[in-house]
file entry.txt (compact mmCIF, C-alpha atoms)
# COMPACT_ATOMS: atom_id res chain seq x y z
CA MET A 1 -2.14 -3.30 2.62
CA ALA A 2 -4.82 -4.88 0.51
CA ASP A 3 -3.40 -6.52 -2.59
CA GLU A 4 -6.29 -5.47 -4.76
CA ALA A 5 -5.80 -1.76 -4.03
CA PRO A 6 -3.99 -0.85 -7.28
CA PHE A 7 -6.74 -2.53 -9.29
CA GLN A 8 -9.41 -0.82 -7.19
CA PHE A 9 -7.91 2.66 -7.57
CA LEU A 10 -7.42 2.19 -11.31
CA HIS A 11 -11.02 0.98 -11.64
CA ASN A 12 -12.22 4.17 -9.93
CA GLU A 13 -10.15 6.29 -12.31
CA VAL A 14 -11.61 4.49 -15.30
CA ILE A 15 -15.16 5.18 -14.13
CA GLN A 16 -14.36 8.83 -13.60
CA TYR A 17 -12.65 9.18 -16.96
CA ILE A 18 -15.44 7.47 -18.86
CA TYR A 19 -18.15 9.53 -17.19
CA LYS A 20 -16.25 12.74 -17.80
CA SER A 21 -16.09 11.86 -21.50
CA ALA A 22 -19.85 11.41 -21.43
CA ASP A 23 -20.46 14.78 -19.81
CA SER A 24 -18.36 16.52 -22.41
CA GLY A 25 -20.71 15.20 -25.09
CA ASP A 26 -18.45 12.58 -26.60
CA THR A 27 -21.31 10.27 -27.40
CA GLU A 28 -19.39 7.63 -29.30
CA HIS A 29 -17.17 6.75 -26.39
CA GLY A 30 -19.44 8.27 -23.82
CA GLY A 31 -19.90 7.02 -20.34
CA ASP A 32 -22.60 4.54 -20.86
CA ILE A 33 -22.61 1.45 -18.76
CA SER A 34 -21.89 -0.68 -21.82
CA THR A 35 -18.42 0.83 -22.29
CA LEU A 36 -17.47 -0.34 -18.82
CA GLU A 37 -19.21 -3.66 -19.33
CA ASN A 38 -17.27 -4.32 -22.52
CA MET A 39 -13.96 -3.42 -20.91
CA GLY A 40 -14.73 -5.86 -18.13
CA CYS A 41 -15.61 -8.52 -20.65
CA ARG A 42 -12.23 -8.31 -22.38
CA VAL A 43 -10.39 -8.32 -19.05
CA GLY A 44 -12.42 -11.36 -17.96
CA GLN A 45 -11.55 -13.19 -21.17
CA GLY A 46 -7.86 -12.48 -20.77
CA LEU A 47 -7.78 -13.51 -17.13
CA VAL A 48 -9.59 -16.78 -17.72
CA GLU A 49 -7.16 -17.69 -20.46
CA ARG A 50 -4.28 -17.32 -18.03
CA LEU A 51 -6.04 -18.90 -15.08
CA THR A 52 -7.12 -22.05 -16.90
CA LYS A 53 -3.83 -22.61 -18.72
CA ASP A 54 -3.00 -25.62 -16.57
CA THR A 55 -6.37 -26.72 -15.21
CA ALA A 56 -8.31 -29.84 -16.14
CA ARG A 57 -11.37 -29.62 -18.35
CA PHE A 58 -14.55 -28.66 -16.51
CA LYS A 59 -17.19 -31.31 -15.89
CA ASP A 60 -20.27 -29.20 -16.46
CA GLU A 61 -21.83 -25.76 -16.14
CA LEU A 62 -21.97 -25.92 -12.34
CA ASP A 63 -18.31 -26.83 -12.25
CA ILE A 64 -17.54 -23.73 -14.31
CA MET A 65 -19.61 -21.58 -11.95
CA LYS A 66 -17.70 -22.90 -8.96
CA PHE A 67 -14.46 -22.02 -10.69
CA VAL A 68 -15.72 -18.46 -11.24
CA CYS A 69 -16.81 -18.17 -7.60
CA LYS A 70 -13.51 -19.45 -6.23
CA ASP A 71 -10.40 -19.15 -8.40
CA PHE A 72 -11.54 -16.35 -10.66
CA TRP A 73 -13.06 -14.21 -7.90
CA THR A 74 -10.02 -14.69 -5.68
CA CYS A 75 -7.70 -13.67 -8.50
CA VAL A 76 -9.50 -10.37 -9.02
CA PHE A 77 -11.02 -9.54 -5.64
CA LYS A 78 -8.84 -11.53 -3.20
CA LYS A 79 -11.86 -13.29 -1.72
CA GLN A 80 -14.36 -15.91 -2.78
CA ILE A 81 -18.02 -15.43 -3.58
CA ASP A 82 -19.93 -15.98 -0.35
CA ASN A 83 -22.94 -17.74 -1.72
CA LEU A 84 -23.83 -19.46 -5.00
CA ARG A 85 -27.40 -20.44 -5.80
CA THR A 86 -29.08 -21.82 -8.89
CA ASN A 87 -32.59 -22.77 -9.99
CA HIS A 88 -31.05 -25.54 -12.12
CA GLN A 89 -32.69 -23.98 -15.14
CA GLY A 90 -29.93 -21.70 -16.28
CA ILE A 91 -30.04 -18.99 -13.63
CA TYR A 92 -27.25 -18.56 -11.11
CA VAL A 93 -26.99 -16.00 -8.34
CA LEU A 94 -23.58 -15.14 -6.93
CA GLN A 95 -23.59 -13.20 -3.70
CA ASP A 96 -20.60 -11.25 -2.44
CA ASN A 97 -21.26 -9.91 1.05
CA LYS A 98 -18.41 -7.44 0.89
CA PHE A 99 -17.82 -6.54 -2.70
CA ARG A 100 -14.46 -4.81 -2.97
CA LEU A 101 -15.36 -2.33 -5.68
CA LEU A 102 -18.19 -0.98 -3.53
CA SER A 103 -16.29 -0.90 -0.26
CA GLN A 104 -15.04 2.63 -0.85
CA LEU A 105 -18.56 4.00 -1.17
CA SER A 106 -20.46 5.01 1.92
CA ALA A 107 -23.19 2.63 2.95
CA GLY A 108 -25.90 5.27 3.01
CA LYS A 109 -28.96 4.74 0.85
CA GLN A 110 -28.34 7.96 -0.99
CA TYR A 111 -25.39 6.39 -2.80
CA LEU A 112 -27.32 3.39 -4.09
CA GLU A 113 -28.06 5.23 -7.32
CA HIS A 114 -24.34 5.33 -8.09
CA ALA A 115 -23.91 1.61 -7.61
CA PRO A 116 -24.61 0.55 -11.23
CA LYS A 117 -21.51 2.25 -12.60
CA TYR A 118 -19.39 0.50 -9.97
CA LEU A 119 -20.84 -2.87 -10.97
CA ALA A 120 -20.88 -2.69 -14.77
CA PHE A 121 -17.21 -3.59 -15.21
CA SER A 122 -17.61 -6.63 -12.97
CA CYS A 123 -20.73 -7.82 -14.79
CA GLY A 124 -18.65 -7.75 -17.95
CA LEU A 125 -15.83 -9.51 -16.15
CA VAL A 126 -18.09 -12.46 -15.36
CA ARG A 127 -19.64 -12.51 -18.83
CA GLY A 128 -16.19 -12.49 -20.45
CA ALA A 129 -14.88 -15.22 -18.18
CA LEU A 130 -17.87 -17.45 -18.91
CA SER A 131 -17.78 -16.78 -22.65
CA ASN A 132 -14.18 -17.99 -22.84
CA LEU A 133 -15.29 -21.13 -21.04
CA GLY A 134 -17.96 -21.73 -23.66
CA VAL A 135 -20.92 -20.40 -21.68
CA LYS A 136 -22.89 -17.56 -23.22
CA SER A 137 -24.66 -15.46 -20.61
CA ILE A 138 -26.29 -12.20 -19.60
CA VAL A 139 -24.99 -10.86 -16.29
CA THR A 140 -26.70 -8.23 -14.17
CA ALA A 141 -26.01 -7.01 -10.66
CA GLU A 142 -27.98 -5.51 -7.84
CA VAL A 143 -27.23 -4.00 -4.47
CA SER A 144 -29.69 -3.83 -1.64
CA VAL A 145 -27.39 -3.01 1.25
CA MET A 146 -23.86 -1.80 0.54
CA PRO A 147 -21.32 -3.27 0.18
CA ALA A 148 -23.17 -6.56 -0.37
CA CYS A 149 -23.95 -7.34 -3.96
CA LYS A 150 -25.68 -10.02 -6.04
CA PHE A 151 -24.72 -10.98 -9.58
CA GLN A 152 -27.38 -12.76 -11.55
CA ILE A 153 -26.25 -14.90 -14.46
CA MET A 154 -28.76 -16.00 -17.08
CA ILE A 155 -27.32 -18.69 -19.33
CA GLN A 156 -28.16 -18.23 -22.99
CA LYS A 157 -28.68 -21.61 -24.54
CA MET A 158 -26.87 -21.90 -27.86
CA MET B 1 -1.24 -16.98 -11.69
CA ALA B 2 0.40 -13.62 -11.36
CA ASP B 3 -1.32 -11.46 -8.78
CA GLU B 4 -0.89 -8.30 -10.78
CA ALA B 5 -2.75 -9.72 -13.81
CA PRO B 6 -6.11 -8.00 -13.19
CA PHE B 7 -4.31 -4.67 -12.85
CA GLN B 8 -2.23 -5.36 -15.96
CA PHE B 9 -5.23 -6.29 -18.12
CA LEU B 10 -7.21 -3.28 -16.91
CA HIS B 11 -4.22 -1.02 -17.63
CA ASN B 12 -4.13 -2.34 -21.20
CA GLU B 13 -7.83 -1.66 -21.63
CA VAL B 14 -7.39 1.89 -20.36
CA ILE B 15 -4.65 2.56 -22.91
CA GLN B 16 -6.76 1.20 -25.71
CA TYR B 17 -9.84 3.15 -24.65
CA ILE B 18 -7.95 6.41 -24.32
CA TYR B 19 -6.23 6.04 -27.66
CA LYS B 20 -9.49 5.13 -29.36
CA SER B 21 -11.01 8.33 -27.98
CA ALA B 22 -8.09 10.20 -29.50
CA ASP B 23 -8.53 8.61 -32.92
CA SER B 24 -12.19 9.53 -32.99
CA GLY B 25 -11.23 13.17 -32.65
CA ASP B 26 -12.25 13.74 -29.07
CA THR B 27 -9.46 16.16 -28.38
CA GLU B 28 -10.46 17.22 -24.92
CA HIS B 29 -10.13 13.74 -23.48
CA GLY B 30 -7.96 12.50 -26.29
CA GLY B 31 -5.29 9.95 -25.95
CA ASP B 32 -2.40 12.11 -25.09
CA ILE B 33 0.18 10.79 -22.76
CA SER B 34 -0.78 13.34 -20.12
CA THR B 35 -4.23 11.79 -19.61
CA LEU B 36 -2.58 8.53 -18.65
CA GLU B 37 0.04 10.30 -16.61
CA ASN B 38 -2.60 12.17 -14.59
CA MET B 39 -4.57 8.99 -13.96
CA GLY B 40 -1.42 7.37 -12.67
CA CYS B 41 -0.72 10.34 -10.46
CA ARG B 42 -4.08 10.10 -8.70
CA VAL B 43 -3.72 6.35 -8.26
CA GLY B 44 -0.22 6.86 -6.84
CA GLN B 45 -1.51 9.43 -4.37
CA GLY B 46 -4.28 7.13 -3.20
CA LEU B 47 -2.01 4.14 -2.81
CA VAL B 48 0.63 6.01 -0.84
CA GLU B 49 -2.01 7.25 1.55
CA ARG B 50 -3.02 3.70 2.33
CA LEU B 51 0.50 2.29 2.34
CA THR B 52 1.92 4.83 4.77
CA LYS B 53 -1.02 4.81 7.16
CA ASP B 54 0.96 3.01 9.84
CA THR B 55 4.58 3.70 8.89
CA ALA B 56 7.05 5.87 10.72
CA ARG B 57 8.01 9.26 9.34
CA PHE B 58 10.69 9.16 6.64
CA LYS B 59 14.18 10.35 7.51
CA ASP B 60 15.03 12.07 4.25
CA GLU B 61 14.56 12.08 0.50
CA LEU B 62 16.64 8.96 -0.02
CA ASP B 63 14.56 7.16 2.58
CA ILE B 64 11.43 8.09 0.63
CA MET B 65 12.98 6.80 -2.59
CA LYS B 66 13.79 3.49 -0.97
CA PHE B 67 10.19 3.21 0.16
CA VAL B 68 9.02 3.80 -3.43
CA CYS B 69 11.48 1.20 -4.76
CA LYS B 70 10.48 -1.42 -2.24
CA ASP B 71 7.05 -1.18 -0.61
CA PHE B 72 5.32 0.92 -3.23
CA TRP B 73 6.69 -0.99 -6.23
CA THR B 74 5.88 -4.33 -4.64
CA CYS B 75 2.34 -3.23 -3.93
CA VAL B 76 1.70 -2.37 -7.57
CA PHE B 77 4.04 -4.61 -9.54
CA LYS B 78 4.71 -7.51 -7.12
CA LYS B 79 8.46 -7.00 -7.35
CA GLN B 80 11.03 -4.47 -6.19
CA ILE B 81 12.96 -2.02 -8.31
CA ASP B 82 16.21 -3.76 -9.27
CA ASN B 83 18.53 -0.80 -9.07
CA LEU B 84 18.39 2.69 -7.55
CA ARG B 85 21.00 5.28 -8.38
CA THR B 86 21.34 8.96 -7.58
CA ASN B 87 23.75 11.79 -8.36
CA HIS B 88 22.99 13.24 -4.88
CA GLN B 89 21.85 16.42 -6.61
CA GLY B 90 18.20 15.68 -7.00
CA ILE B 91 18.25 13.10 -9.76
CA TYR B 92 17.30 9.48 -9.12
CA VAL B 93 17.23 6.61 -11.59
CA LEU B 94 15.08 3.59 -10.83
CA GLN B 95 15.74 0.57 -12.98
CA ASP B 96 13.27 -2.30 -13.35
CA ASN B 97 14.81 -5.16 -15.34
CA LYS B 98 11.48 -6.81 -16.00
CA PHE B 99 8.83 -4.16 -15.94
CA ARG B 100 5.45 -5.84 -15.68
CA LEU B 101 3.49 -3.45 -17.85
CA LEU B 102 5.89 -4.06 -20.73
CA SER B 103 6.12 -7.80 -20.34
CA GLN B 104 3.18 -8.43 -22.63
CA LEU B 105 4.82 -6.58 -25.51
CA SER B 106 7.20 -8.42 -27.78
CA ALA B 107 10.83 -7.59 -27.28
CA GLY B 108 11.43 -6.65 -30.91
CA LYS B 109 12.81 -3.21 -31.64
CA GLN B 110 9.82 -2.42 -33.82
CA TYR B 111 7.63 -2.13 -30.72
CA LEU B 112 9.86 0.36 -28.96
CA GLU B 113 7.86 3.24 -30.41
CA HIS B 114 4.78 2.00 -28.52
CA ALA B 115 6.59 1.92 -25.19
CA PRO B 116 5.79 5.51 -24.11
CA LYS B 117 2.07 4.88 -23.80
CA TYR B 118 2.78 1.83 -21.65
CA LEU B 119 4.99 3.90 -19.34
CA ALA B 120 3.01 7.12 -18.95
CA PHE B 121 0.66 5.78 -16.30
CA SER B 122 3.59 4.53 -14.21
CA CYS B 123 5.47 7.81 -14.49
CA GLY B 124 2.38 9.45 -13.04
CA LEU B 125 2.18 6.76 -10.40
CA VAL B 126 5.64 7.65 -9.13
CA ARG B 127 5.01 11.38 -9.35
CA GLY B 128 1.77 11.02 -7.39
CA ALA B 129 3.35 8.82 -4.74
CA LEU B 130 6.21 11.27 -4.23
CA SER B 131 3.94 14.31 -4.19
CA ASN B 132 1.92 12.84 -1.33
CA LEU B 133 5.18 12.32 0.53
CA GLY B 134 6.05 15.99 0.09
CA VAL B 135 8.48 15.59 -2.80
CA LYS B 136 7.66 17.49 -5.99
CA SER B 137 9.17 15.85 -9.05
CA ILE B 138 9.20 15.32 -12.80
CA VAL B 139 9.26 11.67 -13.79
CA THR B 140 10.21 10.33 -17.21
CA ALA B 141 10.87 6.82 -18.44
CA GLU B 142 12.94 5.18 -21.12
CA VAL B 143 13.31 1.72 -22.54
CA SER B 144 16.37 0.51 -24.35
CA VAL B 145 15.79 -3.23 -24.32
CA MET B 146 12.32 -4.56 -23.47
CA PRO B 147 11.09 -5.32 -20.90
CA ALA B 148 13.78 -3.45 -18.94
CA CYS B 149 12.93 0.11 -18.12
CA LYS B 150 14.44 3.15 -16.38
CA PHE B 151 12.49 5.81 -14.56
CA GLN B 152 14.27 9.10 -14.07
CA ILE B 153 13.08 11.31 -11.24
CA MET B 154 14.09 14.95 -11.16
CA ILE B 155 13.32 16.54 -7.82
CA GLN B 156 11.84 20.03 -8.08
CA LYS B 157 13.14 22.09 -5.21
CA MET B 158 10.35 24.05 -3.55
call {"tool": "encode", "arguments": {"input": "entry.txt", "output": "structure tokens"}}
result
Amino acid sequence: MADEAPFQFLHNEVIQYIYKSADSGDTEHGGDISTLENMGCRVGQGLVERLTKDTARFKDELDIMKFVCKDFWTCVFKKQIDNLRTNHQGIYVLQDNKFRLLSQLSAGKQYLEHAPKYLAFSCGLVRGALSNLGVKSIVTAEVSVMPACKFQIMIQKM
Amino acid sequence: MADEAPFQFLHNEVIQYIYKSADSGDTEHGGDISTLENMGCRVGQGLVERLTKDTARFKDELDIMKFVCKDFWTCVFKKQIDNLRTNHQGIYVLQDNKFRLLSQLSAGKQYLEHAPKYLAFSCGLVRGALSNLGVKSIVTAEVSVMPACKFQIMIQKM
């Protein structure tokens, strides 16, 4: 039994609930991507607070990214990020070759259009985690072949 | 780091989102307890399907209850139910002395009134799990001293 299953099932329910609200014309809380992104952000902030309670201070930005790829990702998704790249100018790309929140979708191309709503929460998760570590960022995600997924992080210089 | 933290944080966000929808007058999807309960029910159904994939058939109702108290509870809350009682006439009481979804609330009596919204999802979780095991039930919960909690299951005879 996968440990992340309760989280995964609840995440699916949240997406369905939020998109149902949108269909019913509740615009204020409607199912835009940003609602999910903001939820993820708050969850990311809370998790990082707990996770870093007893850790040493981070050396630099890259050190923070490694923490996100290893400890943070493992906490939420029970696996590490498979590949981390950077241009050393404030852009980082995190690749997860088997992203758990996509693994319940079929791999066919016809489902690619649904991918963004399954990624928005996690983009927020990363943004929230980084923000509580003092790094302001914009996080986007893209899928080319399911269930592999790339998160791009653009650091916003203060 | 507690393994159930991502689930716990997401659960808190869901409560807040649903109750915000209610405040803004969106009655259809408003923050009634039953929205949370139904979400929990679907999550419980999904989890039980995965958890029982490779298990032997259950002997009887009590056997099913023991499965819920042990395997199912551990999957979601990373601990077992502390006490299971029954009147052998279709009523079961499951006691959790340190219920994880209440552990972030202060133990003061003044927060007791907020307990129901933190329990609704889990009542649904149990109902959904049981329903997928062929047991129709009504599940309620009560808290006398936080974070201890009792779930009462009333079996509905078919």
call {"tool": "interface_residues", "arguments": {"input": "entry.txt", "of": "chain B", "to": "chain A", "cutoff": "6 Å", "atoms": "all atoms listed in the file", "output": "PyMOL selection string"}}
result
chain B and resi 6-7+9+43+76
call {"tool": "residues_around", "arguments": {"input": "entry.txt", "residues": "Met65 of chain A", "least_positions_apart": "5", "cutoff": "9 Å", "atoms": "all atoms listed in the file", "output": "list in words"}}
result
Asp60, Lys70, Leu84, Tyr92 and Leu130 of chain A
call {"tool": "write_last_selection", "arguments": {"input": "entry.txt", "atoms": "C-alpha atoms", "output": "mmCIF file, keeping the file's coordinate frame"}}
result
data_model
loop_
_atom_site.group_PDB
_atom_site.id
_atom_site.type_symbol
_atom_site.label_atom_id
_atom_site.label_comp_id
_atom_site.auth_asym_id
_atom_site.auth_seq_id
_atom_site.Cartn_x
_atom_site.Cartn_y
_atom_site.Cartn_z
ATOM 1 C CA ASP A 60 -20.270 -29.200 -16.460
ATOM 2 C CA LYS A 70 -13.510 -19.450 -6.230
ATOM 3 C CA LEU A 84 -23.830 -19.460 -5.000
ATOM 4 C CA TYR A 92 -27.250 -18.560 -11.110
ATOM 5 C CA LEU A 130 -17.870 -17.450 -18.910
#
call {"tool": "residues_around", "arguments": {"input": "entry.txt", "residues": "segment 134-151 of chain B", "least_positions_apart": "3", "cutoff": "6 Å", "atoms": "all atoms listed in the file", "output": "list in words"}}
result
Val93, Leu94, Gln95, Asp96, Asn97, Lys98, Phe99, Leu102, Ser103, Ala107, Cys123, Leu130, Ser131, Met154, Ile155 and Gln156 of chain B
call {"tool": "atom_distance", "arguments": {"input": "entry.txt", "atom1": "atom CA of Tyr111 of chain B", "atom2": "atom CA of Cys41 of chain B"}}
result
25.2 Å
call {"tool": "closest_residue", "arguments": {"input": "entry.txt", "among": "A:Val48, A:Leu101, A:Ala56, A:Leu133", "to": "Leu119 of chain A", "atoms": "only C-alpha atoms"}}
result
A:Leu101
call {"tool": "atom_distance", "arguments": {"input": "entry.txt", "atom1": "atom CA of Ser34 of chain B", "atom2": "atom CA of Gly108 of chain B"}}
result
25.8 Å
call {"tool": "closest_residue", "arguments": {"input": "entry.txt", "among": "B:Ile153, B:Gln104, B:Pro116, B:Lys79", "to": "Glu61 of chain B", "atoms": "only C-alpha atoms"}}
result
B:Ile153
call {"tool": "atom_distance", "arguments": {"input": "entry.txt", "atom1": "atom CA of Asp32 of chain B", "atom2": "atom CA of Tyr19 of chain B"}}
result
7.6 Å
call {"tool": "closest_residue", "arguments": {"input": "entry.txt", "among": "B:Leu36, B:Leu62, B:Gln110, B:Val68", "to": "Ser122 of chain B", "atoms": "all atoms listed in the file"}}
result
B:Leu36
call {"tool": "build_atoms", "arguments": {"input": "entry.txt", "residues": "segment 80-91 of chain A", "atoms": "all heavy atoms", "output": "PDB file, in the coordinates of the input"}}
result
ATOM      1  N   GLN A  80     -13.422 -15.116  -2.013  1.00  0.00           N
ATOM      2  CA  GLN A  80     -14.360 -15.910  -2.780  1.00  0.00           C
ATOM      3  C   GLN A  80     -15.762 -15.321  -2.729  1.00  0.00           C
ATOM      4  O   GLN A  80     -16.072 -14.525  -1.852  1.00  0.00           O
ATOM      5  CB  GLN A  80     -14.416 -17.337  -2.224  1.00  0.00           C
ATOM      6  CG  GLN A  80     -13.116 -18.087  -2.335  1.00  0.00           C
ATOM      7  CD  GLN A  80     -13.253 -19.533  -1.891  1.00  0.00           C
ATOM      8  OE1 GLN A  80     -14.348 -20.030  -1.682  1.00  0.00           O
ATOM      9  NE2 GLN A  80     -12.125 -20.204  -1.749  1.00  0.00           N
ATOM     10  N   ILE A  81     -16.592 -15.744  -3.662  1.00  0.00           N
ATOM     11  CA  ILE A  81     -18.020 -15.430  -3.580  1.00  0.00           C
ATOM     12  C   ILE A  81     -18.568 -16.106  -2.332  1.00  0.00           C
ATOM     13  O   ILE A  81     -18.185 -17.229  -2.009  1.00  0.00           O
ATOM     14  CB  ILE A  81     -18.721 -15.969  -4.862  1.00  0.00           C
ATOM     15  CG1 ILE A  81     -18.489 -15.015  -6.036  1.00  0.00           C
ATOM     16  CG2 ILE A  81     -20.205 -16.210  -4.643  1.00  0.00           C
ATOM     17  CD1 ILE A  81     -19.283 -13.724  -5.987  1.00  0.00           C
ATOM     18  N   ASP A  82     -19.460 -15.420  -1.613  1.00  0.00           N
ATOM     19  CA  ASP A  82     -19.930 -15.980  -0.350  1.00  0.00           C
ATOM     20  C   ASP A  82     -21.049 -16.987  -0.505  1.00  0.00           C
ATOM     21  O   ASP A  82     -21.211 -17.871   0.326  1.00  0.00           O
ATOM     22  CB  ASP A  82     -20.391 -14.835   0.580  1.00  0.00           C
ATOM     23  CG  ASP A  82     -19.222 -13.933   0.942  1.00  0.00           C
ATOM     24  OD1 ASP A  82     -18.307 -14.422   1.609  1.00  0.00           O
ATOM     25  OD2 ASP A  82     -19.219 -12.755   0.537  1.00  0.00           O
ATOM     26  N   ASN A  83     -21.810 -16.834  -1.565  1.00  0.00           N
ATOM     27  CA  ASN A  83     -22.940 -17.740  -1.720  1.00  0.00           C
ATOM     28  C   ASN A  83     -23.277 -17.908  -3.208  1.00  0.00           C
ATOM     29  O   ASN A  83     -23.369 -16.937  -3.936  1.00  0.00           O
ATOM     30  CB  ASN A  83     -24.142 -17.167  -0.962  1.00  0.00           C
ATOM     31  CG  ASN A  83     -25.277 -18.157  -0.874  1.00  0.00           C
ATOM     32  OD1 ASN A  83     -26.128 -18.203  -1.758  1.00  0.00           O
ATOM     33  ND2 ASN A  83     -25.283 -18.973   0.156  1.00  0.00           N
ATOM     34  N   LEU A  84     -23.447 -19.160  -3.612  1.00  0.00           N
ATOM     35  CA  LEU A  84     -23.830 -19.460  -5.000  1.00  0.00           C
ATOM     36  C   LEU A  84     -25.139 -20.222  -4.987  1.00  0.00           C
ATOM     37  O   LEU A  84     -25.275 -21.236  -4.301  1.00  0.00           O
ATOM     38  CB  LEU A  84     -22.742 -20.321  -5.667  1.00  0.00           C
ATOM     39  CG  LEU A  84     -23.111 -21.012  -6.989  1.00  0.00           C
ATOM     40  CD1 LEU A  84     -23.379 -20.004  -8.098  1.00  0.00           C
ATOM     41  CD2 LEU A  84     -22.022 -21.988  -7.424  1.00  0.00           C
ATOM     42  N   ARG A  85     -26.132 -19.725  -5.711  1.00  0.00           N
ATOM     43  CA  ARG A  85     -27.400 -20.440  -5.800  1.00  0.00           C
ATOM     44  C   ARG A  85     -27.790 -20.614  -7.257  1.00  0.00           C
ATOM     45  O   ARG A  85     -27.383 -19.832  -8.111  1.00  0.00           O
ATOM     46  CB  ARG A  85     -28.502 -19.668  -5.065  1.00  0.00           C
ATOM     47  CG  ARG A  85     -28.497 -19.940  -3.555  1.00  0.00           C
ATOM     48  CD  ARG A  85     -29.616 -19.178  -2.887  1.00  0.00           C
ATOM     49  NE  ARG A  85     -29.490 -17.748  -3.152  1.00  0.00           N
ATOM     50  CZ  ARG A  85     -30.510 -16.885  -3.062  1.00  0.00           C
ATOM     51  NH1 ARG A  85     -31.713 -17.309  -2.745  1.00  0.00           N
ATOM     52  NH2 ARG A  85     -30.310 -15.602  -3.297  1.00  0.00           N
ATOM     53  N   THR A  86     -28.589 -21.623  -7.530  1.00  0.00           N
ATOM     54  CA  THR A  86     -29.080 -21.820  -8.890  1.00  0.00           C
ATOM     55  C   THR A  86     -30.475 -22.419  -8.856  1.00  0.00           C
ATOM     56  O   THR A  86     -30.843 -23.119  -7.895  1.00  0.00           O
ATOM     57  CB  THR A  86     -28.144 -22.735  -9.714  1.00  0.00           C
ATOM     58  OG1 THR A  86     -28.720 -22.947 -11.002  1.00  0.00           O
ATOM     59  CG2 THR A  86     -27.917 -24.076  -9.022  1.00  0.00           C
ATOM     60  N   ASN A  87     -31.267 -22.146  -9.870  1.00  0.00           N
ATOM     61  CA  ASN A  87     -32.590 -22.770  -9.990  1.00  0.00           C
ATOM     62  C   ASN A  87     -32.506 -24.031 -10.863  1.00  0.00           C
ATOM     63  O   ASN A  87     -33.526 -24.603 -11.207  1.00  0.00           O
ATOM     64  CB  ASN A  87     -33.613 -21.773 -10.553  1.00  0.00           C
ATOM     65  CG  ASN A  87     -33.336 -21.424 -12.006  1.00  0.00           C
ATOM     66  OD1 ASN A  87     -32.287 -21.800 -12.553  1.00  0.00           O
ATOM     67  ND2 ASN A  87     -34.248 -20.703 -12.632  1.00  0.00           N
ATOM     68  N   HIS A  88     -31.297 -24.398 -11.245  1.00  0.00           N
ATOM     69  CA  HIS A  88     -31.050 -25.540 -12.120  1.00  0.00           C
ATOM     70  C   HIS A  88     -31.733 -25.418 -13.471  1.00  0.00           C
ATOM     71  O   HIS A  88     -31.954 -26.396 -14.160  1.00  0.00           O
ATOM     72  CB  HIS A  88     -31.462 -26.857 -11.427  1.00  0.00           C
ATOM     73  CG  HIS A  88     -30.677 -27.120 -10.179  1.00  0.00           C
ATOM     74  ND1 HIS A  88     -29.354 -27.513 -10.206  1.00  0.00           N
ATOM     75  CD2 HIS A  88     -31.010 -26.994  -8.877  1.00  0.00           C
ATOM     76  CE1 HIS A  88     -28.920 -27.644  -8.954  1.00  0.00           C
ATOM     77  NE2 HIS A  88     -29.894 -27.323  -8.124  1.00  0.00           N
ATOM     78  N   GLN A  89     -32.093 -24.195 -13.811  1.00  0.00           N
ATOM     79  CA  GLN A  89     -32.690 -23.980 -15.140  1.00  0.00           C
ATOM     80  C   GLN A  89     -31.981 -22.816 -15.833  1.00  0.00           C
ATOM     81  O   GLN A  89     -32.596 -22.024 -16.539  1.00  0.00           O
ATOM     82  CB  GLN A  89     -34.189 -23.692 -15.009  1.00  0.00           C
ATOM     83  CG  GLN A  89     -34.946 -24.898 -14.480  1.00  0.00           C
ATOM     84  CD  GLN A  89     -36.438 -24.656 -14.441  1.00  0.00           C
ATOM     85  OE1 GLN A  89     -36.908 -23.520 -14.542  1.00  0.00           O
ATOM     86  NE2 GLN A  89     -37.195 -25.732 -14.296  1.00  0.00           N
ATOM     87  N   GLY A  90     -30.707 -22.698 -15.545  1.00  0.00           N
ATOM     88  CA  GLY A  90     -29.930 -21.700 -16.280  1.00  0.00           C
ATOM     89  C   GLY A  90     -29.793 -20.359 -15.596  1.00  0.00           C
ATOM     90  O   GLY A  90     -29.284 -19.405 -16.178  1.00  0.00           O
ATOM     91  N   ILE A  91     -30.248 -20.247 -14.362  1.00  0.00           N
ATOM     92  CA  ILE A  91     -30.040 -18.990 -13.630  1.00  0.00           C
ATOM     93  C   ILE A  91     -29.190 -19.258 -12.388  1.00  0.00           C
ATOM     94  O   ILE A  91     -29.448 -20.193 -11.629  1.00  0.00           O
ATOM     95  CB  ILE A  91     -31.382 -18.331 -13.226  1.00  0.00           C
ATOM     96  CG1 ILE A  91     -32.094 -17.858 -14.501  1.00  0.00           C
ATOM     97  CG2 ILE A  91     -31.149 -17.144 -12.288  1.00  0.00           C
ATOM     98  CD1 ILE A  91     -33.372 -17.085 -14.252  1.00  0.00           C
TER      99      ILE A  91
END
